[in-house]
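Participant: What follows is my_file38.csv, CSV, N, CA, C and O atoms.
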chain,number,residue,atom,x,y,z
N,1,MET,N,74.5,-73.5,42.4
N,1,MET,CA,74.2,-73.4,43.8
N,1,MET,C,75.2,-72.6,44.5
N,1,MET,O,76.4,-72.6,44.2
N,2,SER,N,74.8,-71.8,45.5
N,2,SER,CA,75.7,-71.0,46.3
N,2,SER,C,76.7,-71.9,47.0
N,2,SER,O,76.4,-73.0,47.4
N,3,ARG,N,77.9,-71.4,47.3
N,3,ARG,CA,78.9,-72.2,48.0
N,3,ARG,C,78.5,-72.3,49.5
N,3,ARG,O,79.1,-73.0,50.2
N,4,LEU,N,77.5,-71.5,50.0
N,4,LEU,CA,77.1,-71.6,51.4
N,4,LEU,C,76.5,-72.9,51.7
N,4,LEU,O,76.5,-73.3,52.8
N,5,ALA,N,75.9,-73.6,50.7
N,5,ALA,CA,75.2,-74.8,51.0
N,5,ALA,C,75.7,-75.8,49.9
N,5,ALA,O,75.8,-75.5,48.7
N,6,GLU,N,75.8,-77.1,50.3
N,6,GLU,CA,76.1,-78.2,49.4
N,6,GLU,C,75.0,-79.2,49.5
N,6,GLU,O,74.4,-79.4,50.6
N,7,LEU,N,74.6,-79.8,48.4
N,7,LEU,CA,73.5,-80.8,48.4
N,7,LEU,C,74.0,-82.0,47.7
N,7,LEU,O,74.5,-82.0,46.5
N,8,ASP,N,73.9,-83.2,48.3
N,8,ASP,CA,74.1,-84.5,47.7
N,8,ASP,C,72.9,-85.3,47.8
N,8,ASP,O,72.2,-85.4,48.9
N,9,ILE,N,72.5,-86.0,46.7
N,9,ILE,CA,71.3,-86.8,46.7
N,9,ILE,C,71.8,-88.3,46.6
N,9,ILE,O,72.5,-88.6,45.7
N,10,ASP,N,71.3,-89.1,47.5
N,10,ASP,CA,71.5,-90.6,47.4
N,10,ASP,C,70.7,-91.2,46.3
N,10,ASP,O,69.5,-90.8,46.2
N,11,GLU,N,71.2,-92.1,45.6
N,11,GLU,CA,70.5,-92.8,44.6
N,11,GLU,C,69.6,-93.8,45.4
N,11,GLU,O,70.2,-94.6,46.2
N,12,ALA,N,68.4,-93.8,45.3
N,12,ALA,CA,67.5,-94.7,46.0
N,12,ALA,C,66.3,-95.0,45.1
N,12,ALA,O,66.1,-94.4,44.1
N,13,GLY,N,65.4,-95.9,45.6
N,13,GLY,CA,64.2,-96.2,44.9
N,13,GLY,C,63.0,-95.4,45.3
N,13,GLY,O,62.8,-94.3,44.8
N,14,GLU,N,62.3,-95.9,46.2
N,14,GLU,CA,61.0,-95.3,46.6
N,14,GLU,C,61.2,-94.0,47.4
N,14,GLU,O,60.3,-93.2,47.3
N,15,VAL,N,62.3,-93.9,48.1
N,15,VAL,CA,62.5,-92.7,48.9
N,15,VAL,C,64.0,-92.2,48.6
N,15,VAL,O,64.9,-93.0,48.6
N,16,ARG,N,64.1,-91.0,48.3
N,16,ARG,CA,65.4,-90.4,48.1
N,16,ARG,C,65.9,-89.7,49.3
N,16,ARG,O,65.1,-89.1,50.0
N,17,VAL,N,67.2,-89.6,49.6
N,17,VAL,CA,67.7,-88.9,50.7
N,17,VAL,C,68.6,-87.8,50.2
N,17,VAL,O,69.5,-88.1,49.4
N,18,ALA,N,68.3,-86.6,50.6
N,18,ALA,CA,69.1,-85.4,50.3
N,18,ALA,C,69.9,-84.9,51.5
N,18,ALA,O,69.3,-84.7,52.5
N,19,HIS,N,71.2,-84.8,51.3
N,19,HIS,CA,72.1,-84.4,52.4
N,19,HIS,C,72.4,-82.9,52.2
N,19,HIS,O,73.1,-82.6,51.2
N,20,VAL,N,72.0,-82.0,53.1
N,20,VAL,CA,72.3,-80.6,52.9
N,20,VAL,C,73.3,-80.2,54.0
N,20,VAL,O,73.2,-80.5,55.1
N,21,ARG,N,74.4,-79.6,53.5
N,21,ARG,CA,75.5,-79.1,54.4
N,21,ARG,C,75.7,-77.6,54.2
N,21,ARG,O,75.5,-77.1,53.1
N,22,GLY,N,76.1,-77.0,55.3
N,22,GLY,CA,76.5,-75.6,55.2
N,22,GLY,C,75.4,-74.7,55.8
N,22,GLY,O,74.9,-74.9,56.9
N,23,GLU,N,75.0,-73.7,55.0
N,23,GLU,CA,74.0,-72.7,55.4
N,23,GLU,C,72.9,-72.6,54.4
N,23,GLU,O,73.2,-72.4,53.2
N,24,LEU,N,71.7,-72.6,54.9
N,24,LEU,CA,70.5,-72.5,54.0
N,24,LEU,C,69.8,-71.2,54.3
N,24,LEU,O,69.3,-71.0,55.4
N,25,ASP,N,69.9,-70.3,53.3
N,25,ASP,CA,69.4,-68.9,53.5
N,25,ASP,C,68.9,-68.4,52.2
N,25,ASP,O,68.9,-69.1,51.2
N,26,LEU,N,68.4,-67.1,52.2
N,26,LEU,CA,67.8,-66.5,51.1
N,26,LEU,C,68.7,-66.6,49.8
N,26,LEU,O,68.2,-66.6,48.7
N,27,SER,N,70.0,-66.6,50.0
N,27,SER,CA,70.9,-66.5,48.9
N,27,SER,C,70.9,-67.8,48.1
N,27,SER,O,71.4,-67.9,46.9
N,28,ASN,N,70.5,-68.9,48.7
N,28,ASN,CA,70.6,-70.2,48.0
N,28,ASN,C,69.3,-71.1,48.0
N,28,ASN,O,69.3,-72.2,47.5
N,29,THR,N,68.2,-70.6,48.6
N,29,THR,CA,67.1,-71.5,48.8
N,29,THR,C,66.4,-71.8,47.4
N,29,THR,O,65.9,-72.9,47.2
N,30,ALA,N,66.5,-70.9,46.5
N,30,ALA,CA,65.8,-71.2,45.1
N,30,ALA,C,66.6,-72.4,44.5
N,30,ALA,O,65.9,-73.3,44.0
N,31,ASP,N,67.9,-72.4,44.5
N,31,ASP,CA,68.7,-73.4,43.8
N,31,ASP,C,68.5,-74.8,44.6
N,31,ASP,O,68.3,-75.8,44.0
N,32,ILE,N,68.5,-74.7,45.9
N,32,ILE,CA,68.3,-75.9,46.7
N,32,ILE,C,66.9,-76.5,46.5
N,32,ILE,O,66.8,-77.7,46.3
N,33,ALA,N,65.9,-75.6,46.5
N,33,ALA,CA,64.5,-76.1,46.3
N,33,ALA,C,64.4,-76.8,44.9
N,33,ALA,O,63.7,-77.8,44.8
N,34,ASP,N,65.0,-76.2,43.9
N,34,ASP,CA,64.9,-76.8,42.6
N,34,ASP,C,65.5,-78.2,42.6
N,34,ASP,O,64.9,-79.1,42.0
N,35,ALA,N,66.6,-78.3,43.2
N,35,ALA,CA,67.3,-79.6,43.2
N,35,ALA,C,66.5,-80.7,44.1
N,35,ALA,O,66.4,-81.8,43.7
N,36,LEU,N,65.9,-80.2,45.2
N,36,LEU,CA,65.1,-81.1,46.0
N,36,LEU,C,63.8,-81.5,45.3
N,36,LEU,O,63.4,-82.7,45.4
N,37,VAL,N,63.2,-80.7,44.5
N,37,VAL,CA,62.0,-81.0,43.7
N,37,VAL,C,62.4,-82.1,42.7
N,37,VAL,O,61.6,-83.1,42.5
N,38,ILE,N,63.5,-81.9,42.0
N,38,ILE,CA,63.9,-82.9,41.0
N,38,ILE,C,64.2,-84.2,41.7
N,38,ILE,O,63.7,-85.3,41.1
N,39,ALA,N,64.8,-84.2,42.8
N,39,ALA,CA,65.1,-85.4,43.5
N,39,ALA,C,63.8,-86.1,43.9
N,39,ALA,O,63.7,-87.4,43.8
N,40,ALA,N,62.8,-85.4,44.4
N,40,ALA,CA,61.5,-86.0,44.8
N,40,ALA,C,60.8,-86.5,43.6
N,40,ALA,O,60.1,-87.6,43.8
N,41,GLN,N,60.9,-85.9,42.5
N,41,GLN,CA,60.2,-86.4,41.3
N,41,GLN,C,60.7,-87.8,40.9
N,41,GLN,O,60.1,-88.6,40.2
N,42,GLN,N,61.9,-88.1,41.3
N,42,GLN,CA,62.6,-89.4,41.0
N,42,GLN,C,62.3,-90.5,42.0
N,42,GLN,O,62.9,-91.6,42.0
N,43,ALA,N,61.4,-90.2,43.0
N,43,ALA,CA,61.1,-91.1,44.1
N,43,ALA,C,59.6,-91.4,44.0
N,43,ALA,O,58.8,-90.5,43.7
N,44,ASP,N,59.2,-92.6,44.5
N,44,ASP,CA,57.8,-92.9,44.5
N,44,ASP,C,57.1,-92.3,45.8
N,44,ASP,O,56.1,-91.7,45.7
N,45,LEU,N,57.8,-92.6,46.9
N,45,LEU,CA,57.1,-92.2,48.2
N,45,LEU,C,57.5,-90.8,48.7
N,45,LEU,O,56.7,-90.2,49.4
N,46,GLY,N,58.6,-90.3,48.4
N,46,GLY,CA,59.0,-89.0,48.8
N,46,GLY,C,60.5,-88.8,49.1
N,46,GLY,O,61.3,-89.5,48.5
N,47,LEU,N,60.7,-87.9,50.0
N,47,LEU,CA,62.1,-87.4,50.2
N,47,LEU,C,62.4,-87.2,51.7
N,47,LEU,O,61.6,-86.8,52.5
N,48,VAL,N,63.6,-87.6,52.1
N,48,VAL,CA,64.2,-87.3,53.4
N,48,VAL,C,65.3,-86.3,53.2
N,48,VAL,O,66.2,-86.5,52.4
N,49,VAL,N,65.2,-85.2,54.0
N,49,VAL,CA,66.3,-84.2,53.9
N,49,VAL,C,67.1,-84.4,55.2
N,49,VAL,O,66.6,-84.2,56.3
N,50,ASP,N,68.3,-84.8,55.0
N,50,ASP,CA,69.3,-85.0,56.1
N,50,ASP,C,69.9,-83.6,56.4
N,50,ASP,O,70.7,-83.1,55.6
N,51,MET,N,69.6,-83.1,57.6
N,51,MET,CA,70.1,-81.8,57.9
N,51,MET,C,71.2,-81.8,59.0
N,51,MET,O,71.5,-80.9,59.7
N,52,ALA,N,71.8,-83.0,59.2
N,52,ALA,CA,72.8,-83.2,60.3
N,52,ALA,C,74.0,-82.3,60.1
N,52,ALA,O,74.6,-81.9,61.1
N,53,LEU,N,74.4,-81.9,58.9
N,53,LEU,CA,75.5,-81.1,58.7
N,53,LEU,C,75.2,-79.7,58.3
N,53,LEU,O,76.0,-78.9,57.9
N,54,LEU,N,73.9,-79.3,58.5
N,54,LEU,CA,73.5,-77.9,58.2
N,54,LEU,C,73.8,-77.1,59.5
N,54,LEU,O,73.4,-77.4,60.6
N,55,ARG,N,74.5,-76.0,59.3
N,55,ARG,CA,74.9,-75.1,60.4
N,55,ARG,C,74.0,-74.0,60.6
N,55,ARG,O,73.9,-73.4,61.7
N,56,HIS,N,73.2,-73.6,59.6
N,56,HIS,CA,72.3,-72.4,59.7
N,56,HIS,C,71.2,-72.5,58.8
N,56,HIS,O,71.3,-73.0,57.7
N,57,ILE,N,70.0,-72.1,59.3
N,57,ILE,CA,68.8,-72.0,58.4
N,57,ILE,C,68.1,-70.7,58.8
N,57,ILE,O,67.9,-70.5,60.0
N,58,ASP,N,67.7,-69.9,57.8
N,58,ASP,CA,66.9,-68.7,58.1
N,58,ASP,C,65.4,-68.9,57.7
N,58,ASP,O,65.0,-70.0,57.3
N,59,SER,N,64.7,-67.8,57.7
N,59,SER,CA,63.2,-67.9,57.4
N,59,SER,C,63.0,-68.4,56.0
N,59,SER,O,62.0,-69.1,55.7
N,60,ALA,N,63.9,-68.0,55.1
N,60,ALA,CA,63.7,-68.5,53.7
N,60,ALA,C,63.9,-70.0,53.6
N,60,ALA,O,63.2,-70.7,52.9
N,61,GLY,N,64.8,-70.6,54.4
N,61,GLY,CA,65.0,-72.0,54.5
N,61,GLY,C,63.8,-72.7,55.1
N,61,GLY,O,63.4,-73.8,54.6
N,62,ILE,N,63.2,-72.1,56.1
N,62,ILE,CA,62.0,-72.7,56.7
N,62,ILE,C,60.9,-72.6,55.7
N,62,ILE,O,60.1,-73.6,55.5
N,63,ARG,N,60.7,-71.5,55.0
N,63,ARG,CA,59.7,-71.4,54.0
N,63,ARG,C,59.9,-72.5,52.9
N,63,ARG,O,58.9,-73.1,52.4
N,64,LEU,N,61.1,-72.8,52.5
N,64,LEU,CA,61.4,-73.8,51.5
N,64,LEU,C,60.9,-75.1,52.0
N,64,LEU,O,60.3,-75.9,51.2
N,65,LEU,N,61.0,-75.5,53.3
N,65,LEU,CA,60.6,-76.8,53.8
N,65,LEU,C,59.0,-76.9,53.7
N,65,LEU,O,58.5,-77.9,53.3
N,66,PHE,N,58.3,-75.8,54.1
N,66,PHE,CA,56.9,-75.8,54.0
N,66,PHE,C,56.4,-75.9,52.6
N,66,PHE,O,55.5,-76.7,52.3
N,67,ASP,N,57.0,-75.2,51.7
N,67,ASP,CA,56.7,-75.2,50.3
N,67,ASP,C,56.9,-76.6,49.7
N,67,ASP,O,56.1,-77.1,48.9
N,68,LEU,N,58.1,-77.2,50.0
N,68,LEU,CA,58.4,-78.5,49.5
N,68,LEU,C,57.4,-79.5,50.0
N,68,LEU,O,56.9,-80.4,49.2
N,69,ARG,N,57.0,-79.5,51.3
N,69,ARG,CA,56.0,-80.4,51.8
N,69,ARG,C,54.7,-80.3,51.1
N,69,ARG,O,54.1,-81.3,50.7
N,70,ARG,N,54.3,-79.1,50.8
N,70,ARG,CA,53.0,-78.8,50.1
N,70,ARG,C,53.1,-79.4,48.6
N,70,ARG,O,52.2,-80.0,48.2
N,71,ARG,N,54.2,-79.2,48.0
N,71,ARG,CA,54.4,-79.7,46.6
N,71,ARG,C,54.4,-81.2,46.6
N,71,ARG,O,53.8,-81.8,45.7
N,72,LEU,N,55.1,-81.8,47.5
N,72,LEU,CA,55.1,-83.3,47.6
N,72,LEU,C,53.7,-83.8,47.9
N,72,LEU,O,53.3,-84.8,47.3
N,73,GLY,N,53.0,-83.1,48.8
N,73,GLY,CA,51.7,-83.6,49.1
N,73,GLY,C,50.8,-83.6,47.9
N,73,GLY,O,49.9,-84.5,47.9
N,74,ARG,N,50.9,-82.7,47.0
N,74,ARG,CA,50.1,-82.7,45.8
N,74,ARG,C,50.3,-84.0,45.0
N,74,ARG,O,49.4,-84.4,44.2
N,75,HIS,N,51.5,-84.6,45.1
N,75,HIS,CA,51.8,-85.8,44.4
N,75,HIS,C,51.7,-87.0,45.2
N,75,HIS,O,52.2,-88.1,44.9
N,76,ARG,N,51.1,-86.9,46.4
N,76,ARG,CA,50.9,-88.0,47.4
N,76,ARG,C,52.3,-88.5,47.8
N,76,ARG,O,52.4,-89.7,48.0
N,77,GLN,N,53.2,-87.6,47.9
N,77,GLN,CA,54.5,-88.0,48.5
N,77,GLN,C,54.7,-87.4,49.8
N,77,GLN,O,54.0,-86.5,50.2
N,78,HIS,N,55.7,-87.8,50.5
N,78,HIS,CA,55.9,-87.3,51.9
N,78,HIS,C,57.3,-86.7,52.0
N,78,HIS,O,58.2,-87.1,51.3
N,79,LEU,N,57.5,-85.8,53.0
N,79,LEU,CA,58.7,-85.2,53.3
N,79,LEU,C,59.0,-85.5,54.8
N,79,LEU,O,58.2,-85.3,55.6
N,80,ALA,N,60.2,-85.9,55.0
N,80,ALA,CA,60.7,-86.1,56.4
N,80,ALA,C,62.1,-85.4,56.6
N,80,ALA,O,62.8,-85.4,55.6
N,81,LEU,N,62.4,-85.0,57.8
N,81,LEU,CA,63.7,-84.3,58.0
N,81,LEU,C,64.4,-85.1,59.0
N,81,LEU,O,63.9,-85.6,60.0
N,82,ALA,N,65.7,-85.3,58.8
N,82,ALA,CA,66.6,-86.0,59.7
N,82,ALA,C,67.5,-84.9,60.3
N,82,ALA,O,68.4,-84.3,59.7
N,83,VAL,N,67.3,-84.7,61.6
N,83,VAL,CA,68.0,-83.7,62.4
N,83,VAL,C,68.4,-84.2,63.7
N,83,VAL,O,67.6,-84.8,64.4
N,84,PRO,N,69.7,-84.2,64.0
N,84,PRO,CA,70.2,-84.7,65.3
N,84,PRO,C,69.6,-84.0,66.5
N,84,PRO,O,69.3,-82.8,66.5
N,85,PRO,N,69.3,-84.8,67.6
N,85,PRO,CA,68.8,-84.1,68.8
N,85,PRO,C,69.8,-83.1,69.4
N,85,PRO,O,71.0,-83.4,69.3
N,86,GLY,N,69.3,-82.1,69.9
N,86,GLY,CA,70.1,-81.1,70.5
N,86,GLY,C,70.9,-80.1,69.5
N,86,GLY,O,71.6,-79.2,69.9
N,87,SER,N,70.6,-80.3,68.2
N,87,SER,CA,71.3,-79.4,67.3
N,87,SER,C,70.6,-78.0,67.2
N,87,SER,O,69.4,-77.9,67.5
N,88,ARG,N,71.4,-77.0,66.9
N,88,ARG,CA,70.8,-75.7,66.8
N,88,ARG,C,69.7,-75.6,65.7
N,88,ARG,O,68.7,-74.9,65.8
N,89,ILE,N,69.9,-76.4,64.6
N,89,ILE,CA,68.8,-76.4,63.6
N,89,ILE,C,67.5,-77.0,64.1
N,89,ILE,O,66.5,-76.5,63.8
N,90,ARG,N,67.6,-78.0,65.0
N,90,ARG,CA,66.4,-78.6,65.5
N,90,ARG,C,65.7,-77.6,66.4
N,90,ARG,O,64.4,-77.5,66.4
N,91,GLU,N,66.4,-76.8,67.1
N,91,GLU,CA,65.8,-75.7,67.9
N,91,GLU,C,65.0,-74.7,67.1
N,91,GLU,O,63.9,-74.4,67.4
N,92,VAL,N,65.6,-74.4,65.9
N,92,VAL,CA,64.9,-73.4,65.0
N,92,VAL,C,63.7,-74.1,64.4
N,92,VAL,O,62.6,-73.5,64.3
N,93,LEU,N,63.8,-75.4,64.1
N,93,LEU,CA,62.6,-76.1,63.5
N,93,LEU,C,61.5,-76.2,64.5
N,93,LEU,O,60.3,-76.0,64.2
N,94,GLU,N,61.8,-76.4,65.8
N,94,GLU,CA,60.8,-76.4,66.8
N,94,GLU,C,60.2,-75.1,67.1
N,94,GLU,O,59.0,-75.0,67.3
N,95,MET,N,61.0,-74.0,67.1
N,95,MET,CA,60.5,-72.7,67.3
N,95,MET,C,59.5,-72.2,66.2
N,95,MET,O,58.6,-71.4,66.4
N,96,THR,N,59.7,-72.8,65.0
N,96,THR,CA,58.9,-72.4,63.8
N,96,THR,C,57.8,-73.4,63.5
N,96,THR,O,57.2,-73.3,62.5
N,97,ALA,N,57.6,-74.4,64.4
N,97,ALA,CA,56.6,-75.4,64.3
N,97,ALA,C,56.7,-76.3,63.1
N,97,ALA,O,55.7,-77.0,62.7
N,98,VAL,N,57.9,-76.4,62.6
N,98,VAL,CA,58.1,-77.4,61.5
N,98,VAL,C,57.8,-78.8,61.9
N,98,VAL,O,57.2,-79.6,61.2
N,99,HIS,N,58.2,-79.1,63.1
N,99,HIS,CA,58.1,-80.4,63.7
N,99,HIS,C,56.6,-80.8,63.8
N,99,HIS,O,56.3,-82.0,63.9
N,100,GLN,N,55.7,-79.9,63.8
N,100,GLN,CA,54.2,-80.2,63.8
N,100,GLN,C,53.7,-80.4,62.4
N,100,GLN,O,52.6,-81.0,62.3
N,101,ALA,N,54.4,-80.0,61.4
N,101,ALA,CA,53.9,-80.1,60.0
N,101,ALA,C,54.5,-81.3,59.3
N,101,ALA,O,53.9,-81.8,58.3
N,102,MET,N,55.6,-81.8,59.8
N,102,MET,CA,56.3,-82.9,59.1
N,102,MET,C,57.2,-83.7,60.1
N,102,MET,O,57.6,-83.1,61.1
N,103,PRO,N,57.4,-84.9,59.8
N,103,PRO,CA,58.3,-85.7,60.7
N,103,PRO,C,59.7,-85.2,60.8
N,103,PRO,O,60.3,-84.9,59.7
N,104,VAL,N,60.2,-85.0,62.0
N,104,VAL,CA,61.6,-84.6,62.2
N,104,VAL,C,62.3,-85.7,63.0
N,104,VAL,O,61.8,-86.1,64.0
Would it be possible to restate this file's structure as structure tokens?

Facilitator:
Amino acid sequence: MSRLAELDIDEAGEVRVAHVRGELDLSNTADIADALVIAAQQADLGLVVDMALLRHIDSAGIRLLFDLRRRLGRHRQHLALAVPPGSRIREVLEMTAVHQAMPV
């Protein structure tokens, strides 16, 4: 994984929580996506992505979220995002309609 982003996965049962820190962009979305898919495969209901410590997300990161939601949906799993109110990341998610496609 690129040093721009760090990912920690909580050990959990039905739902796994992935904490993403740093910057999510074209340089690291493939590695992050692979790790998130593996984490989701180890959960029954789905995945929560904690973006509280994410400083930047670009269009590749937004695409990752939509692709991940689609992949989880095929397995009848759900994706939810944890983003603090008023954060810059939340503004980007709202501008790109992510909040209409998945719980934020």

Participant: Could you tell me, as a ChimeraX atom specification, which residues of chain N DSSP assigns to strand (DSSP E or B) when given the backbone?

Facilitator: /N:5-9,15-24,46-57,78-82

Participant: Would you kindly identify which residues have an atom no farther than 4.5 Å from (72.8, -73.7, 58.2), using all atoms listed in the file and the file's own coordinates, and write them out as a ChimeraX atom specification?

Facilitator: /N:22-24,54-57

Participant: Given the choices N:Asp44, N:Glu6, N:Asp50, N:Glu94, which gets closest to Gln77 in chain N if the distance is worked out from only N, CA, C and O atoms?

Facilitator: N:Asp44

Participant: Ser59 in chain N: which residues within 8 Å, counting all atoms listed in the file, same-chain residues fewer than 6 positions away excluded, as a count of residues only?

Facilitator: 5

Participant: Do a neighbour search on Leu93 in chain N at 8 Å with only N, CA, C and O atoms, toss out local chain neighbours closer than 6 positions, and write the hits as a PyMOL selection string.

Facilitator: chain N and resi 57+62+87+99-101

Participant: Report the distance between CA of Val15 in chain N and atom O of Leu79 in chain N in Å, rounded to one decimal place.

Facilitator: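 Atom O of Leu79 in chain N lies at a distance of 10.9 Å from CA of Val15 in chain N.
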
Participant: Quick one: pull the distance between CA of Arg90 in chain N and CA of Gln42 in chain N, Å, one decimal.

Facilitator: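 Distance reported for this atom pair: 27.0 Å.
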
Participant: Can you work out the spacing between atom O of Val92 in chain N and CA of Gln41 in chain N in Å, to one decimal?

Facilitator: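 Taking atom O of Val92 in chain N as the start and CA of Gln41 in chain N as the end point, the length is 26.5 Å.
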
Participant: I'd like the neighbourhood of Ala18 in chain N as a list of chain:residue names, where a residue qualifies if any of its atoms comes within 7 Å (using all atoms listed in the file), though same-chain residues fewer than 5 positions away should be ignored.

Facilitator: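 Neighbouring residues, sequence-local ones excluded: N:Leu7, N:Asp8, N:Ile9, N:Asp10, N:Leu47, N:Val48, N:Val49, N:Asp50, N:Met51.
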
Participant: Generate a file of the selected residues that holds N, CA, C and O atoms, formatted as an mmCIF file, in the frame of the given file.

Facilitator:
data_model
loop_
_atom_site.group_PDB
_atom_site.id
_atom_site.type_symbol
_atom_site.label_atom_id
_atom_site.label_comp_id
_atom_site.auth_asym_id
_atom_site.auth_seq_id
_atom_site.Cartn_x
_atom_site.Cartn_y
_atom_site.Cartn_z
ATOM 1 N N LEU N 7 74.600 -79.800 48.400
ATOM 2 C CA LEU N 7 73.500 -80.800 48.400
ATOM 3 C C LEU N 7 74.000 -82.000 47.700
ATOM 4 O O LEU N 7 74.500 -82.000 46.500
ATOM 5 N N ASP N 8 73.900 -83.200 48.300
ATOM 6 C CA ASP N 8 74.100 -84.500 47.700
ATOM 7 C C ASP N 8 72.900 -85.300 47.800
ATOM 8 O O ASP N 8 72.200 -85.400 48.900
ATOM 9 N N ILE N 9 72.500 -86.000 46.700
ATOM 10 C CA ILE N 9 71.300 -86.800 46.700
ATOM 11 C C ILE N 9 71.800 -88.300 46.600
ATOM 12 O O ILE N 9 72.500 -88.600 45.700
ATOM 13 N N ASP N 10 71.300 -89.100 47.500
ATOM 14 C CA ASP N 10 71.500 -90.600 47.400
ATOM 15 C C ASP N 10 70.700 -91.200 46.300
ATOM 16 O O ASP N 10 69.500 -90.800 46.200
ATOM 17 N N LEU N 47 60.700 -87.900 50.000
ATOM 18 C CA LEU N 47 62.100 -87.400 50.200
ATOM 19 C C LEU N 47 62.400 -87.200 51.700
ATOM 20 O O LEU N 47 61.600 -86.800 52.500
ATOM 21 N N VAL N 48 63.600 -87.600 52.100
ATOM 22 C CA VAL N 48 64.200 -87.300 53.400
ATOM 23 C C VAL N 48 65.300 -86.300 53.200
ATOM 24 O O VAL N 48 66.200 -86.500 52.400
ATOM 25 N N VAL N 49 65.200 -85.200 54.000
ATOM 26 C CA VAL N 49 66.300 -84.200 53.900
ATOM 27 C C VAL N 49 67.100 -84.400 55.200
ATOM 28 O O VAL N 49 66.600 -84.200 56.300
ATOM 29 N N ASP N 50 68.300 -84.800 55.000
ATOM 30 C CA ASP N 50 69.300 -85.000 56.100
ATOM 31 C C ASP N 50 69.900 -83.600 56.400
ATOM 32 O O ASP N 50 70.700 -83.100 55.600
ATOM 33 N N MET N 51 69.600 -83.100 57.600
ATOM 34 C CA MET N 51 70.100 -81.800 57.900
ATOM 35 C C MET N 51 71.200 -81.800 59.000
ATOM 36 O O MET N 51 71.500 -80.900 59.700
#

Participant: Rank nothing, just name the residue among N:Arg21, N:Arg63, N:His75, N:Arg70 nearest to Ala43 in chain N, using all atoms listed in the file.

Facilitator: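 That would be N:His75, the residue with the smallest distance to Ala43 in chain N.
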
Participant: Give the helix (DSSP H, G or I) residues of range 2-48 of chain N, as assigned by DSSP on the backbone, as a JSON list (two decimals) with N, CA, C and O atoms, keeping the file's coordinate frame.

Facilitator:
[["chain", "number", "residue", "atom", "x", "y", "z"],
["N", 29, "THR", "N", 68.20, -70.60, 48.60],
["N", 29, "THR", "CA", 67.10, -71.50, 48.80],
["N", 29, "THR", "C", 66.40, -71.80, 47.40],
["N", 29, "THR", "O", 65.90, -72.90, 47.20],
["N", 30, "ALA", "N", 66.50, -70.90, 46.50],
["N", 30, "ALA", "CA", 65.80, -71.20, 45.10],
["N", 30, "ALA", "C", 66.60, -72.40, 44.50],
["N", 30, "ALA", "O", 65.90, -73.30, 44.00],
["N", 31, "ASP", "N", 67.90, -72.40, 44.50],
["N", 31, "ASP", "CA", 68.70, -73.40, 43.80],
["N", 31, "ASP", "C", 68.50, -74.80, 44.60],
["N", 31, "ASP", "O", 68.30, -75.80, 44.00],
["N", 32, "ILE", "N", 68.50, -74.70, 45.90],
["N", 32, "ILE", "CA", 68.30, -75.90, 46.70],
["N", 32, "ILE", "C", 66.90, -76.50, 46.50],
["N", 32, "ILE", "O", 66.80, -77.70, 46.30],
["N", 33, "ALA", "N", 65.90, -75.60, 46.50],
["N", 33, "ALA", "CA", 64.50, -76.10, 46.30],
["N", 33, "ALA", "C", 64.40, -76.80, 44.90],
["N", 33, "ALA", "O", 63.70, -77.80, 44.80],
["N", 34, "ASP", "N", 65.00, -76.20, 43.90],
["N", 34, "ASP", "CA", 64.90, -76.80, 42.60],
["N", 34, "ASP", "C", 65.50, -78.20, 42.60],
["N", 34, "ASP", "O", 64.90, -79.10, 42.00],
["N", 35, "ALA", "N", 66.60, -78.30, 43.20],
["N", 35, "ALA", "CA", 67.30, -79.60, 43.20],
["N", 35, "ALA", "C", 66.50, -80.70, 44.10],
["N", 35, "ALA", "O", 66.40, -81.80, 43.70],
["N", 36, "LEU", "N", 65.90, -80.20, 45.20],
["N", 36, "LEU", "CA", 65.10, -81.10, 46.00],
["N", 36, "LEU", "C", 63.80, -81.50, 45.30],
["N", 36, "LEU", "O", 63.40, -82.70, 45.40],
["N", 37, "VAL", "N", 63.20, -80.70, 44.50],
["N", 37, "VAL", "CA", 62.00, -81.00, 43.70],
["N", 37, "VAL", "C", 62.40, -82.10, 42.70],
["N", 37, "VAL", "O", 61.60, -83.10, 42.50],
["N", 38, "ILE", "N", 63.50, -81.90, 42.00],
["N", 38, "ILE", "CA", 63.90, -82.90, 41.00],
["N", 38, "ILE", "C", 64.20, -84.20, 41.70],
["N", 38, "ILE", "O", 63.70, -85.30, 41.10],
["N", 39, "ALA", "N", 64.80, -84.20, 42.80],
["N", 39, "ALA", "CA", 65.10, -85.40, 43.50],
["N", 39, "ALA", "C", 63.80, -86.10, 43.90],
["N", 39, "ALA", "O", 63.70, -87.40, 43.80],
["N", 40, "ALA", "N", 62.80, -85.40, 44.40],
["N", 40, "ALA", "CA", 61.50, -86.00, 44.80],
["N", 40, "ALA", "C", 60.80, -86.50, 43.60],
["N", 40, "ALA", "O", 60.10, -87.60, 43.80],
["N", 41, "GLN", "N", 60.90, -85.90, 42.50],
["N", 41, "GLN", "CA", 60.20, -86.40, 41.30],
["N", 41, "GLN", "C", 60.70, -87.80, 40.90],
["N", 41, "GLN", "O", 60.10, -88.60, 40.20]]

Participant: Pick from N:Arg88, N:Gly13, N:Met102, N:Val20: nearest to Ala39 in chain N, with all atoms listed in the file counted?

Facilitator: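 Using all atoms listed in the file, Ala39 in chain N sits closest to N:Gly13.
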
Participant: Given all atoms listed in the file as the basis, pick out the residue of N:Ile32, N:Ala97, N:Ala5, N:Val17 nearest to Leu64 in chain N.

Facilitator: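 Nearest to Leu64 in chain N: N:Ile32.
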
Participant: Of the candidates N:Ala40, N:Leu4, N:Ala60, N:Ala30, which one gets nearest to Thr96 in chain N if we count only C-alpha atoms?

Facilitator: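 Answer, going by the shortest atom-to-atom distance: N:Ala60.
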